[in-house]
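Listing of data-v8.txt; format and content: compact mmCIF, C-alpha atoms.
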```txt
# COMPACT_ATOMS: atom_id res chain seq x y z
CA MET U 147 26.93 5.92 3.95
CA GLU U 148 27.68 7.54 0.65
CA PRO U 149 24.91 9.33 -1.30
CA LYS U 150 24.86 6.48 -3.83
CA ASP U 151 24.14 3.97 -1.05
CA ILE U 152 21.45 6.15 0.54
CA LEU U 153 19.72 6.66 -2.80
CA GLY U 154 20.37 3.05 -3.76
CA VAL U 155 18.17 2.01 -0.83
CA LEU U 156 15.72 4.97 -0.78
CA THR U 157 14.63 5.00 -4.43
CA PRO U 158 13.68 1.32 -4.85
CA SER U 159 12.19 1.22 -1.34
CA LEU U 160 9.89 4.11 -2.15
CA LEU U 161 8.94 2.54 -5.48
CA PHE U 162 8.20 -0.80 -3.80
CA ILE U 163 6.01 0.99 -1.24
CA PHE U 164 3.98 2.56 -4.06
CA ALA U 165 3.76 -0.84 -5.77
CA ALA U 166 2.51 -2.45 -2.54
CA THR U 167 -0.07 0.33 -2.14
CA PHE U 168 -1.51 -0.34 -5.58
CA ILE U 169 -1.52 -4.11 -5.00
CA PHE U 170 -3.51 -3.49 -1.80
CA ILE U 171 -5.97 -1.31 -3.73
CA TRP U 172 -6.35 -4.01 -6.39
CA LYS U 173 -6.82 -6.74 -3.78
CA SER U 174 -9.52 -4.64 -2.12
CA ASN U 175 -11.38 -4.19 -5.40
CA LYS U 176 -10.52 -6.45 -8.34
CA GLU U 177 -12.34 -4.05 -10.69
CA GLN U 178 -9.49 -1.57 -10.15
CA PHE U 179 -7.43 -3.43 -12.76
CA HIS U 180 -5.36 -0.31 -13.48
CA SER U 181 -3.98 -0.51 -9.92
CA ARG U 182 -2.45 -3.90 -10.75
CA CYS U 183 -0.80 -2.40 -13.85
CA LEU U 184 0.58 0.54 -11.86
CA ALA U 185 1.88 -1.85 -9.18
CA MET U 186 3.74 -3.75 -11.90
CA ALA U 187 5.14 -0.50 -13.34
CA PHE U 188 6.49 0.71 -9.99
CA SER U 189 7.86 -2.79 -9.23
CA LEU U 190 9.81 -2.95 -12.48
CA ASN U 191 11.35 0.46 -11.84
CA ALA U 192 12.23 -0.59 -8.30
CA ILE U 193 13.89 -3.80 -9.53
CA GLY U 194 15.89 -1.83 -12.10
CA PHE U 195 17.30 0.65 -9.58
CA SER U 196 17.95 -2.16 -7.08
CA ALA U 197 19.92 -4.08 -9.71
CA VAL U 198 22.24 -1.14 -10.38
CA TRP U 199 22.97 -0.62 -6.69
CA LEU U 200 23.38 -4.32 -5.80
CA LEU U 201 25.18 -5.62 -8.89
CA ASN U 202 27.32 -2.67 -9.90
CA ASP U 203 30.46 -4.09 -8.28
CA TYR U 204 29.99 -7.48 -9.99
CA ALA U 205 28.49 -6.75 -13.41
CA PRO U 206 28.21 -2.98 -13.88
CA ARG U 207 27.34 -3.03 -17.58
CA ALA U 208 24.67 -5.71 -17.18
CA ALA U 209 23.24 -3.87 -14.14
CA LEU U 210 22.97 -0.55 -15.99
CA LEU U 211 21.54 -2.22 -19.08
CA GLY U 212 19.04 -4.12 -16.92
CA CYS U 213 17.94 -0.88 -15.25
CA GLY U 214 17.19 0.59 -18.67
CA VAL U 215 15.27 -2.51 -19.78
CA PHE U 216 13.17 -2.54 -16.61
CA ALA U 217 12.49 1.20 -16.97
CA MET U 218 11.32 0.66 -20.55
CA GLY U 219 9.13 -2.27 -19.54
CA SER U 220 7.50 -0.28 -16.79
CA MET U 221 6.29 2.27 -19.36
CA VAL U 222 4.04 -0.34 -21.00
CA PHE U 223 2.35 -1.03 -17.67
CA PHE U 224 2.10 2.69 -16.89
CA ALA U 225 0.42 3.25 -20.24
CA ARG U 226 -1.91 0.29 -19.74
CA GLY U 227 -2.90 1.37 -16.24
CA ILE U 228 -3.41 5.04 -17.12
CA LEU U 229 -5.08 4.70 -20.53
CA LEU U 230 -7.17 1.54 -20.32
CA ARG U 231 -9.00 2.77 -17.22
CA LEU U 232 -10.43 5.42 -19.55
CA SER U 233 -10.97 2.99 -22.46
CA ILE U 234 -8.17 4.65 -24.47
CA SER U 235 -6.15 2.34 -26.72
CA VAL U 236 -2.52 1.66 -25.80
CA PRO U 237 0.07 1.85 -28.66
CA TYR U 238 1.76 -1.42 -27.72
CA ARG U 239 3.59 -1.88 -31.01
CA LEU U 240 5.06 1.62 -30.89
CA PHE U 241 6.15 1.22 -27.26
CA ILE U 242 7.70 -2.22 -27.82
CA GLY U 243 9.41 -1.01 -31.00
CA LEU U 244 10.98 1.90 -29.12
CA GLN U 245 12.13 -0.48 -26.39
CA ILE U 246 13.82 -2.80 -28.89
CA ILE U 247 15.62 0.18 -30.43
CA ASN U 248 16.70 1.32 -26.97
CA ILE U 249 18.03 -2.13 -26.00
CA ILE U 250 20.02 -2.57 -29.22
CA CYS U 251 21.51 0.93 -29.05
CA SER U 252 22.25 0.57 -25.33
CA VAL U 253 24.14 -2.69 -25.87
CA ILE U 254 26.24 -1.01 -28.57
CA ALA U 255 26.82 2.08 -26.39
CA LEU U 256 27.94 0.04 -23.38
CA TYR U 257 29.88 -2.85 -24.88
CA VAL U 258 31.34 -1.16 -27.98
CA TYR U 259 31.84 2.49 -27.06
CA ASP U 260 31.80 2.17 -23.25
CA SER U 261 29.57 5.29 -23.12
CA VAL U 262 27.43 5.53 -19.97
CA PHE U 263 26.14 8.95 -21.01
CA ALA U 264 24.85 7.52 -24.27
CA ILE U 265 22.70 4.87 -22.60
CA LEU U 266 21.38 7.29 -19.95
CA THR U 267 20.55 9.91 -22.58
CA LEU U 268 18.96 7.39 -24.95
CA THR U 269 16.85 5.78 -22.21
CA GLY U 270 15.80 9.22 -20.99
CA ILE U 271 14.75 10.39 -24.46
CA ILE U 272 12.74 7.24 -25.23
CA SER U 273 11.10 7.27 -21.79
CA GLY U 274 10.20 10.93 -22.34
CA LEU U 275 8.77 10.15 -25.77
CA GLN U 276 6.61 7.32 -24.43
CA THR U 277 5.38 9.49 -21.57
CA ALA U 278 4.59 12.29 -24.02
CA ILE U 279 2.47 9.83 -26.04
CA ILE U 280 0.51 8.96 -22.89
CA ALA U 281 -0.01 12.65 -22.08
CA TYR U 282 -1.13 13.37 -25.66
CA LYS U 283 -3.67 10.55 -25.69
CA LEU U 284 -5.05 11.65 -22.33
CA GLN U 285 -5.30 15.28 -23.42
CA LYS U 286 -7.03 14.31 -26.66
CA LYS U 287 -9.50 11.64 -25.54
CA ALA U 288 -9.98 11.77 -21.77
CA GLU U 289 -12.75 13.68 -20.04
CA LYS U 290 -11.49 17.09 -18.88
CA ASN U 291 -11.76 16.63 -15.12
CA PRO U 292 -9.22 17.59 -12.40
CA ILE U 293 -7.83 14.06 -11.97
CA ASN U 294 -7.26 13.47 -15.68
CA MET U 295 -5.78 16.92 -16.23
CA THR U 296 -3.43 16.49 -13.26
CA THR U 297 -2.30 13.19 -14.77
CA VAL U 298 -1.67 14.96 -18.09
CA TRP U 299 0.52 17.57 -16.40
CA VAL U 300 2.46 14.94 -14.43
CA MET U 301 3.08 12.94 -17.60
CA ALA U 302 4.11 16.11 -19.44
CA LEU U 303 6.59 16.96 -16.68
CA VAL U 304 8.10 13.48 -16.86
CA ALA U 305 8.28 13.73 -20.66
CA VAL U 306 10.27 16.97 -20.43
CA LEU U 307 12.36 16.71 -17.27
CA ILE U 308 13.92 13.24 -17.57
CA PRO U 309 15.36 13.57 -21.12
CA ALA U 310 16.27 17.22 -20.41
CA ARG U 311 18.26 16.21 -17.32
CA MET U 312 20.06 13.43 -19.16
CA MET U 313 20.91 15.58 -22.16
CA SER U 314 22.04 18.52 -20.03
CA GLY U 315 24.39 16.19 -18.14
CA TYR U 316 25.82 14.96 -21.41
CA LEU U 317 26.31 18.49 -22.79
CA THR U 318 27.77 20.06 -19.64
CA ALA U 319 29.99 17.22 -18.39
CA THR U 320 33.70 18.16 -18.12
CA ASN U 321 34.91 14.62 -17.42
CA PRO U 322 33.85 11.44 -19.21
CA LEU U 323 31.38 9.34 -17.24
CA THR U 324 32.73 5.82 -16.90
CA ILE U 325 31.10 2.60 -15.83
CA GLU U 326 33.11 2.75 -12.59
CA THR U 327 32.19 6.33 -11.61
CA TYR U 328 28.62 6.86 -12.77
CA GLN U 329 27.00 5.81 -9.45
CA SER U 330 28.89 8.60 -7.65
CA SER U 331 28.21 11.19 -10.35
CA VAL U 332 25.94 14.21 -10.10
CA GLU U 333 23.94 12.90 -13.06
CA TRP U 334 23.10 9.61 -11.38
CA ILE U 335 22.22 11.27 -8.06
CA SER U 336 20.04 13.89 -9.78
CA LEU U 337 18.29 11.13 -11.74
CA HIS U 338 17.43 9.37 -8.48
CA LEU U 339 16.06 12.57 -6.98
CA LEU U 340 14.05 13.29 -10.11
CA VAL U 341 12.60 9.76 -10.12
CA ILE U 342 11.68 10.09 -6.44
CA VAL U 343 9.86 13.41 -6.96
CA LEU U 344 8.06 12.42 -10.17
CA SER U 345 7.14 8.95 -8.90
CA THR U 346 5.69 10.46 -5.74
CA MET U 347 3.67 12.97 -7.75
CA GLY U 348 2.41 10.26 -10.09
CA ALA U 349 1.58 7.77 -7.35
CA LEU U 350 -0.31 10.34 -5.28
CA THR U 351 -2.27 11.40 -8.36
CA PHE U 352 -3.30 7.82 -9.14
CA ILE U 353 -4.10 7.08 -5.49
CA LEU U 354 -6.27 10.21 -5.37
CA TYR U 355 -8.02 9.08 -8.55
CA THR U 356 -8.66 5.62 -7.07
CA LEU U 357 -10.07 7.06 -3.84
CA ASN U 358 -12.22 9.51 -5.79
CA GLN U 359 -13.51 6.66 -7.98
CA ALA U 360 -14.27 4.52 -4.92
CA MET U 361 -16.20 7.36 -3.26
CA ALA U 362 -18.12 7.98 -6.48
CA ALA U 363 -19.01 4.27 -6.68
CA VAL U 364 -20.30 4.32 -3.09
CA GLN U 365 -22.34 7.43 -3.84
CA MET U 366 -23.67 5.87 -7.06
CA GLN U 367 -24.71 2.75 -5.18
CA ALA U 368 -26.50 4.86 -2.59
CA ASP U 369 -28.30 6.81 -5.33
CA THR U 370 -29.27 3.76 -7.41
CA ASP U 371 -32.38 1.70 -6.85
CA GLU U 372 -31.20 -1.88 -6.27
CA LEU U 373 -34.30 -3.47 -7.74
CA THR U 374 -34.42 -1.68 -11.11
CA GLY U 375 -30.91 -0.25 -11.47
CA LEU U 376 -32.43 3.20 -12.08
CA ALA U 377 -31.69 6.42 -10.26
CA ARG U 378 -33.49 7.02 -6.99
CA ARG U 379 -35.68 10.11 -6.72
CA GLY U 380 -32.99 12.31 -5.18
CA ARG U 381 -30.40 11.63 -7.90
CA PHE U 382 -33.03 11.86 -10.62
CA GLU U 383 -33.99 15.35 -9.42
CA GLN U 384 -30.33 16.40 -9.19
CA ASN U 385 -29.73 15.28 -12.78
CA ALA U 386 -32.93 16.98 -13.91
CA LYS U 387 -31.84 20.28 -12.38
CA ARG U 388 -28.50 19.95 -14.15
CA ILE U 389 -30.36 19.60 -17.45
CA PHE U 390 -32.46 22.65 -16.55
CA ALA U 391 -29.30 24.69 -16.06
CA GLN U 392 -28.00 23.49 -19.40
CA GLU U 393 -31.31 24.39 -21.05
CA LYS U 394 -30.81 28.01 -20.02
CA ARG U 395 -27.48 28.08 -21.87
CA THR U 396 -28.72 26.07 -24.87
CA PRO U 397 -32.47 26.65 -25.28
CA LEU U 398 -33.69 23.26 -26.51
CA PRO U 399 -37.06 21.72 -25.55
CA VAL U 400 -37.13 19.56 -22.43
CA SER U 401 -40.05 17.30 -21.55
CA LEU U 402 -40.95 15.04 -18.64
CA ILE U 403 -42.81 11.73 -18.67
CA VAL U 404 -44.22 10.36 -15.42
CA MET U 405 -45.33 6.74 -15.50
CA ASP U 406 -47.31 4.70 -12.99
CA ILE U 407 -48.04 0.95 -13.20
CA ASP U 408 -51.78 0.39 -13.14
CA ASN U 409 -53.32 -1.51 -10.24
CA PHE U 410 -49.92 -2.52 -8.92
CA LYS U 411 -51.26 -3.19 -5.44
CA SER U 412 -53.45 -5.94 -6.84
CA VAL U 413 -50.36 -7.49 -8.48
CA ASN U 414 -48.71 -7.77 -5.07
CA ASP U 415 -51.89 -8.99 -3.39
CA LYS U 416 -52.68 -11.62 -6.02
CA HIS U 417 -49.25 -12.85 -7.07
CA GLY U 418 -47.06 -11.93 -4.12
CA HIS U 419 -44.38 -9.32 -3.49
CA LEU U 420 -41.65 -11.37 -5.17
CA ALA U 421 -43.65 -11.32 -8.39
CA GLY U 422 -44.25 -7.60 -7.92
CA ASP U 423 -40.51 -6.99 -7.49
CA ALA U 424 -39.77 -9.01 -10.63
CA VAL U 425 -42.31 -6.91 -12.57
CA LEU U 426 -40.63 -3.71 -11.36
CA ALA U 427 -37.20 -5.02 -12.38
CA GLN U 428 -38.48 -5.96 -15.83
CA VAL U 429 -40.10 -2.55 -16.26
CA GLY U 430 -36.79 -0.91 -15.31
CA ASP U 431 -35.00 -2.96 -17.99
CA MET U 432 -37.64 -1.98 -20.55
CA LEU U 433 -37.23 1.72 -19.78
CA LYS U 434 -33.44 1.51 -20.04
CA THR U 435 -33.48 -0.32 -23.38
CA SER U 436 -36.20 1.93 -24.85
CA SER U 437 -34.59 5.26 -23.99
CA ARG U 438 -31.82 7.37 -25.51
CA GLU U 439 -28.44 7.90 -23.84
CA THR U 440 -29.34 11.54 -23.19
CA ASP U 441 -32.57 10.65 -21.36
CA ILE U 442 -32.61 10.58 -17.56
CA ILE U 443 -34.63 7.76 -16.01
CA GLY U 444 -35.55 7.27 -12.38
CA ARG U 445 -37.75 5.28 -10.05
CA ILE U 446 -39.36 8.06 -8.05
CA GLY U 447 -41.86 6.03 -6.03
CA GLY U 448 -43.05 2.49 -5.36
CA GLU U 449 -44.41 1.80 -8.86
CA GLU U 450 -43.85 5.28 -10.29
CA PHE U 451 -41.12 6.15 -12.79
CA ALA U 452 -40.01 9.34 -14.52
CA ILE U 453 -38.12 10.06 -17.75
CA LEU U 454 -36.66 13.46 -18.57
CA LEU U 455 -36.15 13.93 -22.30
CA TRP U 456 -33.56 16.42 -23.57
CA ASN U 457 -34.30 18.04 -26.94
CA ALA U 458 -37.88 16.71 -27.13
CA ASP U 459 -41.04 18.81 -27.21
CA ILE U 460 -44.37 17.63 -25.85
CA LYS U 461 -45.38 16.02 -29.17
CA GLY U 462 -42.18 13.99 -29.29
CA ALA U 463 -42.46 13.10 -25.61
CA ARG U 464 -46.04 11.97 -26.14
CA LEU U 465 -44.93 9.65 -28.95
CA VAL U 466 -42.22 8.22 -26.67
CA ALA U 467 -44.76 7.69 -23.90
CA GLU U 468 -47.15 5.99 -26.32
CA THR U 469 -44.37 3.65 -27.46
CA LEU U 470 -43.61 2.80 -23.83
CA ARG U 471 -47.30 2.26 -23.11
CA THR U 472 -47.58 -0.19 -26.00
CA SER U 473 -44.39 -1.98 -24.94
CA MET U 474 -45.72 -2.28 -21.42
CA GLU U 475 -49.07 -3.60 -22.59
CA ASN U 476 -47.39 -6.23 -24.77
CA CYS U 477 -44.64 -7.11 -22.31
CA ASP U 478 -44.35 -10.81 -21.57
CA PHE U 479 -44.02 -11.33 -17.84
CA GLY U 480 -43.92 -15.10 -18.27
CA ASP U 481 -45.32 -17.04 -15.33
CA LEU U 482 -45.05 -14.09 -12.96
CA LEU U 483 -48.65 -13.00 -13.54
CA ASP U 484 -50.11 -16.33 -14.67
CA GLY U 485 -50.46 -15.11 -18.24
CA GLU U 486 -52.01 -11.76 -17.35
CA ASN U 487 -50.60 -8.54 -18.78
CA CYS U 488 -49.68 -5.40 -16.90
CA THR U 489 -50.36 -1.87 -18.10
CA ALA U 490 -49.25 1.63 -17.14
CA SER U 491 -50.53 5.19 -17.39
CA PHE U 492 -48.44 8.18 -18.46
CA GLY U 493 -48.44 11.93 -17.90
CA VAL U 494 -46.43 14.19 -20.19
CA ALA U 495 -45.43 17.85 -19.83
CA GLN U 496 -42.98 20.22 -21.54
CA LEU U 497 -40.78 22.67 -19.71
CA GLU U 498 -41.82 26.26 -20.29
CA GLN U 499 -39.39 29.16 -19.99
CA GLY U 500 -38.81 30.15 -16.38
CA GLU U 501 -40.42 27.02 -14.93
CA SER U 502 -38.78 25.07 -12.12
CA TYR U 503 -38.47 21.30 -11.89
CA LYS U 504 -41.23 21.26 -9.27
CA GLN U 505 -43.60 23.10 -11.59
CA LEU U 506 -42.83 20.77 -14.51
CA PHE U 507 -43.25 17.67 -12.35
CA ASP U 508 -46.55 18.99 -11.00
CA LEU U 509 -47.88 19.42 -14.55
CA ALA U 510 -46.79 15.91 -15.60
CA ASP U 511 -48.14 14.40 -12.38
CA ARG U 512 -51.53 16.03 -12.85
CA ALA U 513 -51.62 14.72 -16.41
CA LEU U 514 -50.79 11.23 -15.08
CA TYR U 515 -53.65 11.26 -12.61
CA ARG U 516 -56.02 12.43 -15.32
CA ALA U 517 -54.89 9.41 -17.39
CA LYS U 518 -55.53 7.07 -14.47
CA ASN U 519 -58.90 8.62 -13.68
CA THR U 520 -60.11 8.35 -17.28
CA GLY U 521 -59.55 4.65 -17.78
CA ARG U 522 -55.81 3.87 -17.24
CA ASN U 523 -53.45 2.37 -19.82
CA ARG U 524 -53.25 5.66 -21.67
CA VAL U 525 -51.06 8.71 -22.25
CA ASN U 526 -52.22 12.16 -21.24
CA ALA U 527 -50.38 15.39 -22.02
CA ALA U 528 -50.48 18.47 -19.79
CA THR U 529 -51.78 20.69 -22.59
CA PHE U 530 -55.29 20.43 -21.16
CA ILE U 531 -54.07 22.07 -17.95
CA LEU U 532 -52.59 24.98 -19.87
CA GLU U 533 -55.79 25.31 -21.86
CA GLU U 534 -57.88 25.33 -18.66
CA ALA U 535 -55.59 27.98 -17.18
CA ALA U 536 -56.01 30.15 -20.29
```

Take the structure from the file and write it as structure tokens.
Amino acid sequence: MEPKDILGVLTPSLLFIFAATFIFIWKSNKEQFHSRCLAMAFSLNAIGFSAVWLLNDYAPRAALLGCGVFAMGSMVFFARGILLRLSISVPYRLFIGLQIINIICSVIALYVYDSVFAILTLTGIISGLQTAIIAYKLQKKAEKNPINMTTVWVMALVAVLIPARMMSGYLTATNPLTIETYQSSVEWISLHLLVIVLSTMGALTFILYTLNQAMAAVQMQADTDELTGLARRGRFEQNAKRIFAQEKRTPLPVSLIVMDIDNFKSVNDKHGHLAGDAVLAQVGDMLKTSSRETDIIGRIGGEEFAILLWNADIKGARLVAETLRTSMENCDFGDLLDGENCTASFGVAQLEQGESYKQLFDLADRALYRAKNTGRNRVNAATFILEEAA
């Protein structure tokens, strides 16, 4: 077999394999919508390269033009799959406009000037430009993590290498590239090899991202309380320690609120465990809607919750706890408690320099128990403990 025949089979086969992989990922988890887009992108590229190899002897100009059109179309799906997974807008109008320009110019190049180099160079430049736009948007708006940065570098490589290879072939060619000879040319073979390498790099990057995302989702599910949707105690403490480390670099006040539902055992005994679970779920919703995005909330025990407040001193934390106490007291539990209300007690403490999470939690917990022992349905700050120690 000639190199053109080997590559004519190898390149689309590899692209179809990547497409099938992403379809399998999407079928396994329909939330991985970007996998469907990437599958479509790889499929379109595979169809384009297959068309050139299969139809070149019958309709060479149409086959080459079709390859360019499919390559352009795949860029929209690449952009959609890569950018929308990160909630970054896709410049559809710009991409489609560039594709229309490419198609018009390619038709003129092939059917008027019979210039294969022109269509290859033009398609390479526009593909590189579109890929550069994707890389720029990722670099500007995506979170700076290893997966996203690897994607940026892969996109940047594609943006540089494909148009550079096409233009270098055009500038260094000693013989004109005709429609009959381009499949056996160095330029066409090198383009195949470049597509194979870059597609493999891109596909492996996206597959790694998908696996990493799936593992993170499993870990998140394991660390999330199913009843309330809040962090379990272990994840809450991990997040709290991360905030503590940040506090050392940026010394802003950090406070902790510990909350306990009053007489919760009697709720279960009188109204049943299903009613008790519904109360816990409603309390979890209340805490989520009443807190800031920077606050960390967790269910740390049966009916005990904790809120870590970044950039809040003990006075501010006490006001937050009082607001939550009032909301809890006035919360409408419908028929769950036969018209009865449900209250909670709160302990509040502020992180002092050099304190550990355990020390802060101990202060807030002691304040909570003082609140419960002095009548319940109240907020107690840990300042009394510091005053006693002094």

- Please identify all polymer residues within 7 Å of Arg182 (chain U), counting all atoms listed in the file, omitting same-chain residues fewer than 5 positions from it, and present them as a PyMOL selection string. chain U and resi 168-169+172

Atoms to include: C-alpha atoms. Write the selected residues as a PDB file, keeping the file's coordinate frame.
```pdb
ATOM      1  CA  PHE U 168      -1.510  -0.340  -5.580  1.00  0.00           C
ATOM      2  CA  ILE U 169      -1.520  -4.110  -5.000  1.00  0.00           C
ATOM      3  CA  TRP U 172      -6.350  -4.010  -6.390  1.00  0.00           C
TER       4      TRP U 172
END
```

- Task: Using only C-alpha atoms, find the one residue out of U:Tyr503, U:Phe164, U:Tyr257, U:Phe410 that sits nearest to Thr489 (chain U).
- Result: U:Phe410

- Message: Report as an MDAnalysis selection string all protein, DNA and RNA residues lying within 9 Å of Gly375 (chain U), evaluated on all atoms listed in the file, omitting residues in the same chain fewer than 6 positions from it.
- Response: chainID U and resid 427 430:431 444:445

- Using only C-alpha atoms, which of U:Leu426, U:Leu506, U:Ala495, U:Val525 sits nearest Ala467 (chain U)? U:Val525

- Query: So what do you get for CA of Ile443 (chain U) versus CA of Asp415 (chain U), distance-wise?
  - Reply: 27.2 Å

- Note on the structure: note - CA of Cys183 (chain U) and CA of Arg226 (chain U) are separated by 6.6 Å

- Counting only C-alpha atoms, find the residues whose atoms lie at most 7 Å from (7.7, -4.3, -16.2) (file coordinates) and write them out as a PyMOL selection string. chain U and resi 186-187+190+216+219-220+223

For Trp456 (chain U), find every residue with an atom within 10 Å (counting all atoms listed in the file), except residues of its own chain fewer than 3 positions away, and show them as a PDB file with C-alpha atoms, in the frame of the given file.
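Listed below is the output, around.pdb:
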```
ATOM      1  CA  ALA U 386     -32.930  16.980 -13.910  1.00  0.00           C
ATOM      2  CA  ILE U 389     -30.360  19.600 -17.450  1.00  0.00           C
ATOM      3  CA  PHE U 390     -32.460  22.650 -16.550  1.00  0.00           C
ATOM      4  CA  GLN U 392     -28.000  23.490 -19.400  1.00  0.00           C
ATOM      5  CA  GLU U 393     -31.310  24.390 -21.050  1.00  0.00           C
ATOM      6  CA  LEU U 398     -33.690  23.260 -26.510  1.00  0.00           C
ATOM      7  CA  PRO U 399     -37.060  21.720 -25.550  1.00  0.00           C
ATOM      8  CA  VAL U 400     -37.130  19.560 -22.430  1.00  0.00           C
ATOM      9  CA  SER U 401     -40.050  17.300 -21.550  1.00  0.00           C
ATOM     10  CA  LEU U 402     -40.950  15.040 -18.640  1.00  0.00           C
ATOM     11  CA  ARG U 438     -31.820   7.370 -25.510  1.00  0.00           C
ATOM     12  CA  GLU U 439     -28.440   7.900 -23.840  1.00  0.00           C
ATOM     13  CA  THR U 440     -29.340  11.540 -23.190  1.00  0.00           C
ATOM     14  CA  ASP U 441     -32.570  10.650 -21.360  1.00  0.00           C
ATOM     15  CA  ILE U 442     -32.610  10.580 -17.560  1.00  0.00           C
ATOM     16  CA  ILE U 453     -38.120  10.060 -17.750  1.00  0.00           C
ATOM     17  CA  ASP U 459     -41.040  18.810 -27.210  1.00  0.00           C
ATOM     18  CA  ALA U 463     -42.460  13.100 -25.610  1.00  0.00           C
TER      19      ALA U 463
END
```

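Here CA of Phe507 (chain U) and CA of Asn487 (chain U) stand 28.0 Å from one another.
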